[in-house]
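K.L.:
Input query19.csv, format and content: CSV, C-alpha atoms.
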chain,number,residue,atom,x,y,z
A,6,MET,CA,12.4,37.6,-28.0
A,7,ILE,CA,13.4,35.1,-30.6
A,8,THR,CA,12.5,31.6,-29.7
A,9,THR,CA,14.1,28.7,-31.4
A,10,PHE,CA,12.5,25.3,-31.2
A,11,ALA,CA,15.7,23.3,-31.1
A,12,ASP,CA,14.7,21.9,-27.7
A,13,THR,CA,11.0,21.3,-27.2
A,14,PHE,CA,11.5,20.8,-23.5
A,15,ASP,CA,13.3,24.1,-23.1
A,16,THR,CA,10.4,25.9,-24.9
A,17,LEU,CA,7.9,24.3,-22.7
A,18,PHE,CA,9.8,24.8,-19.5
A,19,ASN,CA,10.5,28.5,-20.3
A,20,LEU,CA,6.8,29.1,-20.7
A,21,GLN,CA,6.0,27.4,-17.5
A,22,ARG,CA,8.7,29.3,-15.7
A,23,ALA,CA,7.4,32.6,-17.1
A,24,LEU,CA,3.9,31.8,-16.0
A,25,GLN,CA,5.0,30.8,-12.5
A,26,ALA,CA,7.2,33.9,-12.2
A,27,ARG,CA,4.3,36.1,-13.0
A,28,ALA,CA,2.3,34.5,-10.2
A,29,ALA,CA,5.2,34.5,-7.7
A,30,SER,CA,6.7,37.9,-8.3
A,31,ASP,CA,4.3,39.8,-6.0
A,32,TRP,CA,7.0,39.8,-3.3
A,33,LEU,CA,7.6,43.3,-2.0
A,34,GLN,CA,6.2,44.7,-5.1
A,35,ASN,CA,5.7,48.2,-3.8
A,36,GLN,CA,9.0,48.3,-2.1
A,37,THR,CA,11.6,46.7,-4.3
A,38,THR,CA,12.9,47.4,-7.7
A,39,SER,CA,13.7,43.7,-8.1
A,40,GLN,CA,14.3,42.5,-11.6
A,41,GLY,CA,13.5,39.0,-10.7
A,42,PRO,CA,12.5,37.0,-7.7
A,43,PHE,CA,15.7,34.9,-7.8
A,44,PRO,CA,17.4,34.3,-5.5
A,45,PRO,CA,14.9,33.7,-2.7
A,46,ILE,CA,15.8,35.5,0.5
A,47,ASN,CA,15.0,35.2,4.2
A,48,VAL,CA,15.7,38.2,6.5
A,49,PHE,CA,16.3,37.7,10.2
A,50,GLN,CA,16.8,40.2,13.0
A,51,GLN,CA,20.0,39.7,15.0
A,52,GLY,CA,20.2,42.3,17.8
A,53,ASP,CA,20.4,45.7,16.1
A,54,ALA,CA,21.4,44.3,12.8
A,55,LEU,CA,19.7,42.3,10.1
A,56,LEU,CA,20.9,39.0,8.7
A,57,ALA,CA,19.8,38.0,5.2
A,58,ILE,CA,20.2,34.4,4.3
A,59,ILE,CA,20.0,33.5,0.6
A,60,GLU,CA,20.0,30.1,-1.0
A,61,LEU,CA,22.4,30.0,-3.9
A,62,PRO,CA,23.7,26.5,-4.4
A,63,GLY,CA,26.5,25.8,-6.9
A,64,ILE,CA,27.8,29.3,-7.6
A,65,ASP,CA,31.3,30.4,-8.1
A,66,LYS,CA,32.2,33.2,-5.7
A,67,LYS,CA,33.7,35.1,-8.7
A,68,ASP,CA,30.3,35.1,-10.4
A,69,LEU,CA,28.6,36.8,-7.5
A,70,GLN,CA,28.4,40.5,-7.0
A,71,ILE,CA,26.9,42.3,-4.0
A,72,GLN,CA,26.3,46.1,-3.9
A,73,ALA,CA,24.9,48.1,-1.1
A,74,LYS,CA,23.7,51.6,-0.8
A,75,GLU,CA,21.6,53.3,1.9
A,76,ASN,CA,18.8,50.9,2.3
A,77,THR,CA,19.1,48.7,-0.8
A,78,ILE,CA,21.2,45.7,-1.6
A,79,ARG,CA,21.8,44.4,-5.1
A,80,ILE,CA,22.7,40.7,-5.6
A,81,SER,CA,23.6,39.8,-9.1
A,82,GLY,CA,25.5,37.1,-10.8
A,83,LYS,CA,25.3,34.0,-12.9
A,84,LYS,CA,24.9,30.3,-12.3
A,85,ALA,CA,26.9,28.5,-14.9
A,86,ALA,CA,26.3,25.0,-16.1
A,87,SER,CA,29.2,22.7,-16.9
A,88,TYR,CA,28.2,19.4,-18.3
A,89,PRO,CA,30.3,17.1,-20.5
A,90,GLU,CA,29.2,16.7,-24.1
A,91,GLY,CA,27.7,13.5,-25.4
A,92,VAL,CA,26.1,12.2,-22.3
A,93,SER,CA,22.5,10.9,-22.0
A,94,VAL,CA,20.5,13.1,-19.8
A,95,HIS,CA,18.0,11.4,-17.5
A,96,ARG,CA,16.8,14.4,-15.5
A,97,ARG,CA,17.4,18.1,-15.6
A,98,GLU,CA,15.8,19.9,-12.7
A,99,ARG,CA,18.4,22.5,-11.8
A,100,SER,CA,18.2,25.8,-13.5
A,101,PHE,CA,21.0,27.9,-14.7
A,102,GLY,CA,21.3,31.4,-15.9
A,103,GLU,CA,21.8,35.0,-14.8
A,104,PHE,CA,20.1,36.8,-11.9
A,105,ASP,CA,19.8,40.3,-10.7
A,106,ARG,CA,17.8,41.3,-7.7
A,107,THR,CA,17.6,44.5,-5.7
A,108,ILE,CA,16.0,44.5,-2.3
A,109,SER,CA,15.0,47.6,-0.4
A,110,LEU,CA,15.0,47.3,3.3
A,111,PRO,CA,12.9,49.4,5.7
A,112,VAL,CA,16.1,50.5,7.5
A,113,GLN,CA,19.2,52.5,6.6
A,114,LEU,CA,22.3,50.3,6.3
A,115,ASP,CA,25.9,51.0,7.2
A,116,ALA,CA,27.2,50.0,3.8
A,117,ASP,CA,30.8,50.0,4.9
A,118,SER,CA,30.4,47.3,7.5
A,119,ILE,CA,28.3,44.9,5.6
A,120,LYS,CA,29.8,41.4,5.7
A,121,ALA,CA,29.1,38.7,3.2
A,122,GLU,CA,29.8,35.0,3.6
A,123,TYR,CA,29.3,32.3,1.1
A,124,ARG,CA,29.4,28.7,2.4
A,125,ASP,CA,27.7,25.4,1.5
A,126,GLY,CA,25.6,27.1,-1.1
A,127,ILE,CA,24.2,29.7,1.3
A,128,LEU,CA,25.0,33.4,1.1
A,129,ALA,CA,24.7,35.2,4.4
A,130,LEU,CA,24.7,38.9,4.5
A,131,PHE,CA,25.3,40.6,7.8
A,132,LEU,CA,23.6,44.0,7.5
A,133,PRO,CA,24.3,46.5,10.3
A,134,ARG,CA,22.0,49.4,10.7
A,135,SER,CA,23.5,52.8,10.2
A,136,GLU,CA,24.2,54.7,13.4
A,137,ARG,CA,21.8,57.6,12.6
A,138,ASP,CA,19.0,55.1,12.0
A,139,LYS,CA,19.3,53.5,15.4
A,140,PRO,CA,16.8,54.6,18.0
A,141,ARG,CA,18.2,56.9,20.8
A,142,ALA,CA,17.2,57.2,24.3
A,143,VAL,CA,15.8,60.6,25.0
A,144,LYS,CA,16.7,62.2,28.3
A,145,ILE,CA,13.9,63.9,30.2
A,146,SER,CA,15.1,67.1,31.7
B,13,MET,CA,20.0,24.6,-24.3
B,14,ALA,CA,19.3,28.2,-23.4
B,15,THR,CA,21.7,29.2,-20.6
B,16,ASN,CA,21.3,32.9,-20.4
B,17,GLN,CA,17.7,33.2,-19.4
B,18,GLU,CA,16.8,34.9,-16.2
B,19,LEU,CA,16.8,32.6,-13.2
B,20,GLN,CA,13.5,31.9,-11.5
B,21,VAL,CA,12.8,30.6,-8.1
B,22,GLN,CA,12.0,27.0,-8.0
B,23,LYS,CA,9.4,26.1,-5.4
B,24,LYS,CA,10.8,23.5,-3.0
B,25,ARG,CA,9.0,20.2,-3.3
B,26,GLU,CA,8.4,18.4,0.0
B,27,LEU,CA,9.1,14.7,0.5
B,28,ASP,CA,5.9,12.7,0.5
B,29,GLU,CA,6.3,9.8,2.9
B,30,LYS,CA,3.9,7.2,4.1
B,31,GLU,CA,5.1,7.4,7.6
B,32,GLU,CA,5.5,10.6,9.5
B,33,THR,CA,8.7,11.4,11.3
B,34,THR,CA,8.7,11.8,15.0
B,35,ILE,CA,10.5,15.1,14.7
B,36,ALA,CA,8.4,17.9,13.2
B,37,ALA,CA,11.1,19.0,10.8
B,38,ARG,CA,10.4,19.4,7.1
B,39,VAL,CA,12.1,17.3,4.5
B,40,PHE,CA,12.5,18.6,1.0
B,41,LEU,CA,13.4,16.9,-2.3
B,42,PRO,CA,16.7,18.3,-3.6
B,43,ASN,CA,16.7,19.4,-7.2
B,44,ALA,CA,18.5,16.8,-9.3
B,45,ASP,CA,20.3,16.5,-12.5
B,46,ILE,CA,21.1,13.0,-13.7
B,47,TYR,CA,23.1,11.9,-16.7
B,48,GLU,CA,24.7,8.8,-17.9
B,49,THR,CA,28.1,8.4,-19.4
B,50,GLN,CA,29.5,5.3,-21.0
B,51,ASP,CA,30.8,3.9,-17.7
B,52,ALA,CA,29.0,5.8,-14.9
B,53,LEU,CA,25.8,7.4,-13.8
B,54,ARG,CA,26.3,10.9,-12.5
B,55,VAL,CA,23.8,12.3,-10.0
B,56,ILE,CA,23.9,16.0,-9.0
B,57,LEU,CA,21.8,17.2,-6.1
B,58,GLU,CA,21.3,20.7,-4.8
B,59,MET,CA,21.2,20.8,-1.0
B,60,PRO,CA,22.0,24.4,0.0
B,61,GLY,CA,23.1,24.7,3.6
B,62,VAL,CA,24.1,21.1,4.1
B,63,GLU,CA,27.7,20.6,5.3
B,64,LYS,CA,29.6,17.7,3.7
B,65,ASP,CA,29.7,15.8,7.0
B,66,ASN,CA,26.0,15.7,7.2
B,67,VAL,CA,25.4,13.9,3.9
B,68,GLU,CA,24.5,10.2,3.8
B,69,VAL,CA,24.6,8.2,0.6
B,70,HIS,CA,23.8,4.5,0.2
B,71,VAL,CA,22.7,2.1,-2.4
B,72,GLU,CA,20.4,-0.7,-1.3
B,73,GLU,CA,18.7,-3.3,-3.6
B,74,GLY,CA,19.1,-1.1,-6.6
B,75,VAL,CA,17.8,2.1,-4.9
B,76,LEU,CA,20.0,5.1,-4.3
B,77,ASN,CA,19.2,7.0,-1.1
B,78,VAL,CA,20.6,10.4,-0.4
B,79,ALA,CA,19.9,12.3,2.8
B,80,GLY,CA,21.3,15.7,3.8
B,81,ARG,CA,20.8,17.1,7.2
B,82,LEU,CA,20.7,20.8,7.8
B,83,ASP,CA,22.2,22.3,10.9
B,84,LEU,CA,19.1,23.9,12.3
B,85,SER,CA,21.0,25.2,15.3
B,86,LYS,CA,22.4,28.0,13.1
B,87,TYR,CA,18.9,29.5,13.0
B,88,LYS,CA,18.5,29.4,16.8
B,89,GLY,CA,17.7,32.8,18.3
B,90,LEU,CA,17.1,34.4,15.0
B,91,GLN,CA,13.9,36.3,14.7
B,92,PRO,CA,12.5,36.1,11.2
B,93,LEU,CA,11.4,39.4,9.7
B,94,TYR,CA,10.7,38.5,6.1
B,95,THR,CA,10.7,35.0,4.6
B,96,GLU,CA,10.4,33.7,1.1
B,97,TYR,CA,11.6,30.1,1.4
B,98,ASN,CA,11.3,27.3,3.9
B,99,ILE,CA,14.2,25.4,5.3
B,100,GLY,CA,14.5,21.7,6.2
B,101,HIS,CA,16.4,18.6,5.6
B,102,TYR,CA,16.8,16.9,2.2
B,103,SER,CA,16.1,13.4,1.2
B,104,ARG,CA,15.6,11.7,-2.1
B,105,SER,CA,15.7,8.1,-3.5
B,106,PHE,CA,16.1,6.9,-7.0
B,107,ARG,CA,15.6,3.4,-8.4
B,108,LEU,CA,18.7,2.7,-10.5
B,109,SER,CA,18.2,1.1,-13.9
B,110,SER,CA,21.7,-0.2,-14.3
B,111,LYS,CA,23.9,-2.2,-12.0
B,112,ILE,CA,26.3,-0.1,-9.9
B,113,ASP,CA,29.6,-1.0,-8.4
B,114,GLN,CA,28.9,0.0,-4.9
B,115,SER,CA,32.5,-0.1,-3.7
B,116,LYS,CA,33.5,2.6,-6.2
B,117,ILE,CA,30.8,5.3,-5.6
B,118,GLY,CA,32.3,8.7,-5.5
B,119,ALA,CA,30.8,11.6,-3.7
B,120,GLU,CA,31.8,15.3,-3.7
B,121,MET,CA,30.2,18.2,-2.0
B,122,ASN,CA,30.9,21.7,-3.3
B,123,ASP,CA,28.9,24.9,-2.4
B,124,GLY,CA,25.8,23.0,-1.4
B,125,VAL,CA,25.9,20.8,-4.5
B,126,LEU,CA,26.4,17.1,-4.1
B,127,SER,CA,28.0,15.3,-7.1
B,128,LEU,CA,27.8,11.5,-7.1
B,129,THR,CA,29.6,9.2,-9.5
B,130,LEU,CA,28.1,5.8,-9.7
B,131,PRO,CA,30.3,3.5,-11.8
B,132,LYS,CA,28.5,0.8,-13.7
B,133,VAL,CA,29.6,-2.8,-13.1
B,134,GLU,CA,31.4,-4.4,-16.1
B,135,GLU,CA,28.4,-6.4,-17.2
B,136,ALA,CA,26.2,-3.4,-17.4
B,137,LYS,CA,28.5,-1.5,-19.7
B,138,LEU,CA,27.5,-1.3,-23.2
B,139,GLN,CA,29.3,-3.9,-25.3
B,140,THR,CA,29.9,-3.2,-28.9
B,141,ILE,CA,29.7,-6.3,-31.0
B,142,LYS,CA,31.5,-6.3,-34.2
B,143,VAL,CA,29.6,-8.0,-37.1
B,144,LYS,CA,31.9,-10.2,-39.0
Rewrite the structure from the file as structure tokens, please.

P.N.:
Amino acid sequence: MITTFADTFDTLFNLQRALQARAASDWLQNQTTSQGPFPPINVFQQGDALLAIIELPGIDKKDLQIQAKENTIRISGKKAASYPEGVSVHRRERSFGEFDRTISLPVQLDADSIKAEYRDGILALFLPRSERDKPRAVKIS
Amino acid sequence: MATNQELQVQKKRELDEKEETTIAARVFLPNADIYETQDALRVILEMPGVEKDNVEVHVEEGVLNVAGRLDLSKYKGLQPLYTEYNIGHYSRSFRLSSKIDQSKIGAEMNDGVLSLTLPKVEEAKLQTIKVK
């Protein structure tokens, strides 16, 4: 990786981010093929289905891709910055860039009936379990 | 500014207040970008999950207060299986360095991002003085 020192703050912040990422990326390590811990995800149970709620403020829907297969979901996209030129910056805490994350779930998903909704900076994924994965009552004869 | 780097999770910072609230809900500091143009101060705050009707902005004695309430009822009846981040309301205050025209403050909420435009009053604007 070539690092230019045009912006000293960027250099410093990148290093800090890289260090933090190393410490924080233990999530689901033996289960997921995640390429990065962003975006953070919460998974809830809703009846038979799963509901994944992901915080992604300020993203254009066009820049967001969701793919699903069997028991994995891939969320990728980019968060673009748009600031006018020639302003004096007081604070810059928001981060921008690209992300790509794959999550493996412990259940098989019905990929065709997954629903995604993006509102108020929250991505909600409604993940129904596949029929063959659902438990069945066994009749005793 | 490097824009194509991989995004990382930013740990949510919690609001540190002297007094405790009576409701045991968490309050976080929204991530902020602030920049100044010639005639206004722009404040951009990330408050994912906050609807635009639940945002409160006011300027009092040179301090800008922003509060965003999360609709926690949406999470009612959901049983968490796996969690990586905490949820809560948002609140943050900034002491403003230049005088702001309070009647002209503009606020816009898009995809969980609040953009505030705080126009400076005439006297606070930079005057260029020509040397004769």

K.L.:
Can you list every residue of chain A that has an atom at most 7 Å from chain B, with its nearest atom pair and the distance in Å to one decimal, using all atoms listed in the file, ordered by chain then number, as CSV?

P.N.:
residue,atom,partner,partner_atom,distance
A:Asp12,CA,B:Met13,CA,6.9
A:Asp15,CA,B:Met13,CA,6.8
A:Arg22,CA,B:Gln20,CA,6.9
A:Ala26,CA,B:Gln20,CA,6.6
A:Pro42,CA,B:Val21,CA,6.4
A:Phe43,CA,B:Val21,CA,5.2
A:Pro44,CA,B:Val21,CA,6.5
A:Pro45,CA,B:Glu96,CA,5.9
A:Ile46,CA,B:Glu96,CA,5.7
A:Asn47,CA,B:Thr95,CA,4.3
A:Val48,CA,B:Tyr94,CA,5.0
A:Phe49,CA,B:Pro92,CA,4.2
A:Gln50,CA,B:Gln91,CA,5.1
A:Gln51,CA,B:Leu90,CA,6.0
A:Glu60,CA,B:Pro60,CA,6.1
A:Leu61,CA,B:Pro60,CA,6.8
A:Pro62,CA,B:Gly124,CA,5.1
A:Gly63,CA,B:Asp123,CA,5.2
A:Ile64,CA,B:Asp123,CA,6.9
A:Val92,CA,B:Thr49,CA,5.2
A:Ser93,CA,B:Glu48,CA,5.1
A:Val94,CA,B:Tyr47,CA,4.2
A:His95,CA,B:Ile46,CA,5.2
A:Arg96,CA,B:Ile46,CA,4.9
A:Arg97,CA,B:Asp45,CA,4.5
A:Glu98,CA,B:Ala44,CA,5.3
A:Arg99,CA,B:Asn43,CA,5.8
A:Ser100,CA,B:Leu19,CA,6.9
A:Phe101,CA,B:Thr15,CA,6.1
A:Gly102,CA,B:Asn16,CA,4.7
A:Glu103,CA,B:Glu18,CA,5.2
A:Phe104,CA,B:Leu19,CA,5.5
A:Arg124,CA,B:Asp123,CA,6.1
A:Asp125,CA,B:Asp123,CA,4.1
A:Gly126,CA,B:Gly124,CA,4.1
A:Ile127,CA,B:Gly61,CA,5.6

K.L.:
What does the distance between atom CA of A:Ala86 and atom CA of A:Asp68 come to in Å, to one decimal place?

P.N.:
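So the two atoms, atom CA of A:Ala86 and atom CA of A:Asp68, lie 12.3 Å apart.
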
K.L.:
What's the separation between atom CA of A:Arg106 and atom CA of A:Ile119, in Å to one decimal place?

P.N.:
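Distance reported for this atom pair: 17.3 Å.
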
K.L.:
Atom CA of B:Leu41 to atom CA of B:Val75: how many Å, to one decimal?

P.N.:
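Computing the Euclidean distance for atom CA of B:Leu41 and atom CA of B:Val75 yields 15.7 Å.
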
K.L.:
Using all atoms listed in the file, which residue out of A:Ile145, A:Ala85, A:Leu132, A:Leu55 lies closest to A:Ser118?

P.N.:
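For A:Ser118, the nearest of the candidates is A:Leu132.
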
K.L.:
Counting only C-alpha atoms, which residue out of A:Ser87, A:Asn76, A:Ser135, A:Gln70 sits closest to A:Asp53?

P.N.:
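Among the listed residues, A:Ser135 lies closest to A:Asp53.
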
K.L.:
Can you take stretch 49-71 of chain B from the block and write N, CA and C atoms as a PDB file, in the first residue's frame?

P.N.:
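Final output, decode_2.pdb:
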ATOM      1  N   THR B  49     -18.517  27.794   5.960  1.00  0.00           N
ATOM      2  CA  THR B  49     -18.384  28.492   4.689  1.00  0.00           C
ATOM      3  C   THR B  49     -18.367  29.978   5.010  1.00  0.00           C
ATOM      4  N   GLN B  50     -18.307  30.794   3.975  1.00  0.00           N
ATOM      5  CA  GLN B  50     -18.182  32.223   4.222  1.00  0.00           C
ATOM      6  C   GLN B  50     -19.369  32.783   5.015  1.00  0.00           C
ATOM      7  N   ASP B  51     -20.574  32.271   4.751  1.00  0.00           N
ATOM      8  CA  ASP B  51     -21.701  32.877   5.465  1.00  0.00           C
ATOM      9  C   ASP B  51     -22.496  31.918   6.339  1.00  0.00           C
ATOM     10  N   ALA B  52     -22.028  30.700   6.498  1.00  0.00           N
ATOM     11  CA  ALA B  52     -22.771  29.790   7.372  1.00  0.00           C
ATOM     12  C   ALA B  52     -21.876  28.716   7.965  1.00  0.00           C
ATOM     13  N   LEU B  53     -22.388  28.149   9.034  1.00  0.00           N
ATOM     14  CA  LEU B  53     -21.726  27.015   9.658  1.00  0.00           C
ATOM     15  C   LEU B  53     -22.591  25.799   9.341  1.00  0.00           C
ATOM     16  N   ARG B  54     -21.989  24.749   8.837  1.00  0.00           N
ATOM     17  CA  ARG B  54     -22.759  23.552   8.500  1.00  0.00           C
ATOM     18  C   ARG B  54     -22.401  22.445   9.475  1.00  0.00           C
ATOM     19  N   VAL B  55     -23.421  21.863  10.080  1.00  0.00           N
ATOM     20  CA  VAL B  55     -23.221  20.783  11.040  1.00  0.00           C
ATOM     21  C   VAL B  55     -23.951  19.559  10.512  1.00  0.00           C
ATOM     22  N   ILE B  56     -23.236  18.456  10.384  1.00  0.00           N
ATOM     23  CA  ILE B  56     -23.832  17.233   9.864  1.00  0.00           C
ATOM     24  C   ILE B  56     -23.687  16.141  10.912  1.00  0.00           C
ATOM     25  N   LEU B  57     -24.810  15.579  11.306  1.00  0.00           N
ATOM     26  CA  LEU B  57     -24.813  14.596  12.388  1.00  0.00           C
ATOM     27  C   LEU B  57     -25.444  13.291  11.934  1.00  0.00           C
ATOM     28  N   GLU B  58     -24.823  12.191  12.306  1.00  0.00           N
ATOM     29  CA  GLU B  58     -25.348  10.872  11.946  1.00  0.00           C
ATOM     30  C   GLU B  58     -26.184  10.315  13.085  1.00  0.00           C
ATOM     31  N   MET B  59     -27.464  10.153  12.822  1.00  0.00           N
ATOM     32  CA  MET B  59     -28.347   9.600  13.836  1.00  0.00           C
ATOM     33  C   MET B  59     -29.193   8.497  13.225  1.00  0.00           C
ATOM     34  N   PRO B  60     -28.594   7.348  12.931  1.00  0.00           N
ATOM     35  CA  PRO B  60     -29.360   6.293  12.270  1.00  0.00           C
ATOM     36  C   PRO B  60     -30.558   5.840  13.107  1.00  0.00           C
ATOM     37  N   GLY B  61     -31.700   5.699  12.448  1.00  0.00           N
ATOM     38  CA  GLY B  61     -32.895   5.214  13.127  1.00  0.00           C
ATOM     39  C   GLY B  61     -33.802   6.299  13.653  1.00  0.00           C
ATOM     40  N   VAL B  62     -33.346   7.549  13.587  1.00  0.00           N
ATOM     41  CA  VAL B  62     -34.158   8.649  14.103  1.00  0.00           C
ATOM     42  C   VAL B  62     -35.019   9.211  12.974  1.00  0.00           C
ATOM     43  N   GLU B  63     -36.314   9.276  13.228  1.00  0.00           N
ATOM     44  CA  GLU B  63     -37.210   9.864  12.224  1.00  0.00           C
ATOM     45  C   GLU B  63     -37.148  11.383  12.320  1.00  0.00           C
ATOM     46  N   LYS B  64     -37.484  12.035  11.217  1.00  0.00           N
ATOM     47  CA  LYS B  64     -37.275  13.484  11.198  1.00  0.00           C
ATOM     48  C   LYS B  64     -38.173  14.239  12.178  1.00  0.00           C
ATOM     49  N   ASP B  65     -39.284  13.646  12.559  1.00  0.00           N
ATOM     50  CA  ASP B  65     -40.165  14.307  13.525  1.00  0.00           C
ATOM     51  C   ASP B  65     -39.632  14.227  14.957  1.00  0.00           C
ATOM     52  N   ASN B  66     -38.666  13.373  15.170  1.00  0.00           N
ATOM     53  CA  ASN B  66     -38.159  13.187  16.529  1.00  0.00           C
ATOM     54  C   ASN B  66     -36.835  13.902  16.784  1.00  0.00           C
ATOM     55  N   VAL B  67     -36.565  14.899  15.946  1.00  0.00           N
ATOM     56  CA  VAL B  67     -35.323  15.647  16.111  1.00  0.00           C
ATOM     57  C   VAL B  67     -35.632  17.019  16.698  1.00  0.00           C
ATOM     58  N   GLU B  68     -34.819  17.438  17.653  1.00  0.00           N
ATOM     59  CA  GLU B  68     -34.990  18.752  18.267  1.00  0.00           C
ATOM     60  C   GLU B  68     -33.681  19.511  18.142  1.00  0.00           C
ATOM     61  N   VAL B  69     -33.767  20.714  17.610  1.00  0.00           N
ATOM     62  CA  VAL B  69     -32.571  21.534  17.458  1.00  0.00           C
ATOM     63  C   VAL B  69     -32.858  22.886  18.073  1.00  0.00           C
ATOM     64  N   HIS B  70     -32.002  23.341  18.962  1.00  0.00           N
ATOM     65  CA  HIS B  70     -32.137  24.735  19.393  1.00  0.00           C
ATOM     66  C   HIS B  70     -30.800  25.341  19.784  1.00  0.00           C
ATOM     67  N   VAL B  71     -30.749  26.665  19.634  1.00  0.00           N
ATOM     68  CA  VAL B  71     -29.549  27.413  19.988  1.00  0.00           C
ATOM     69  C   VAL B  71     -29.902  28.298  21.169  1.00  0.00           C
TER      70      VAL B  71
END
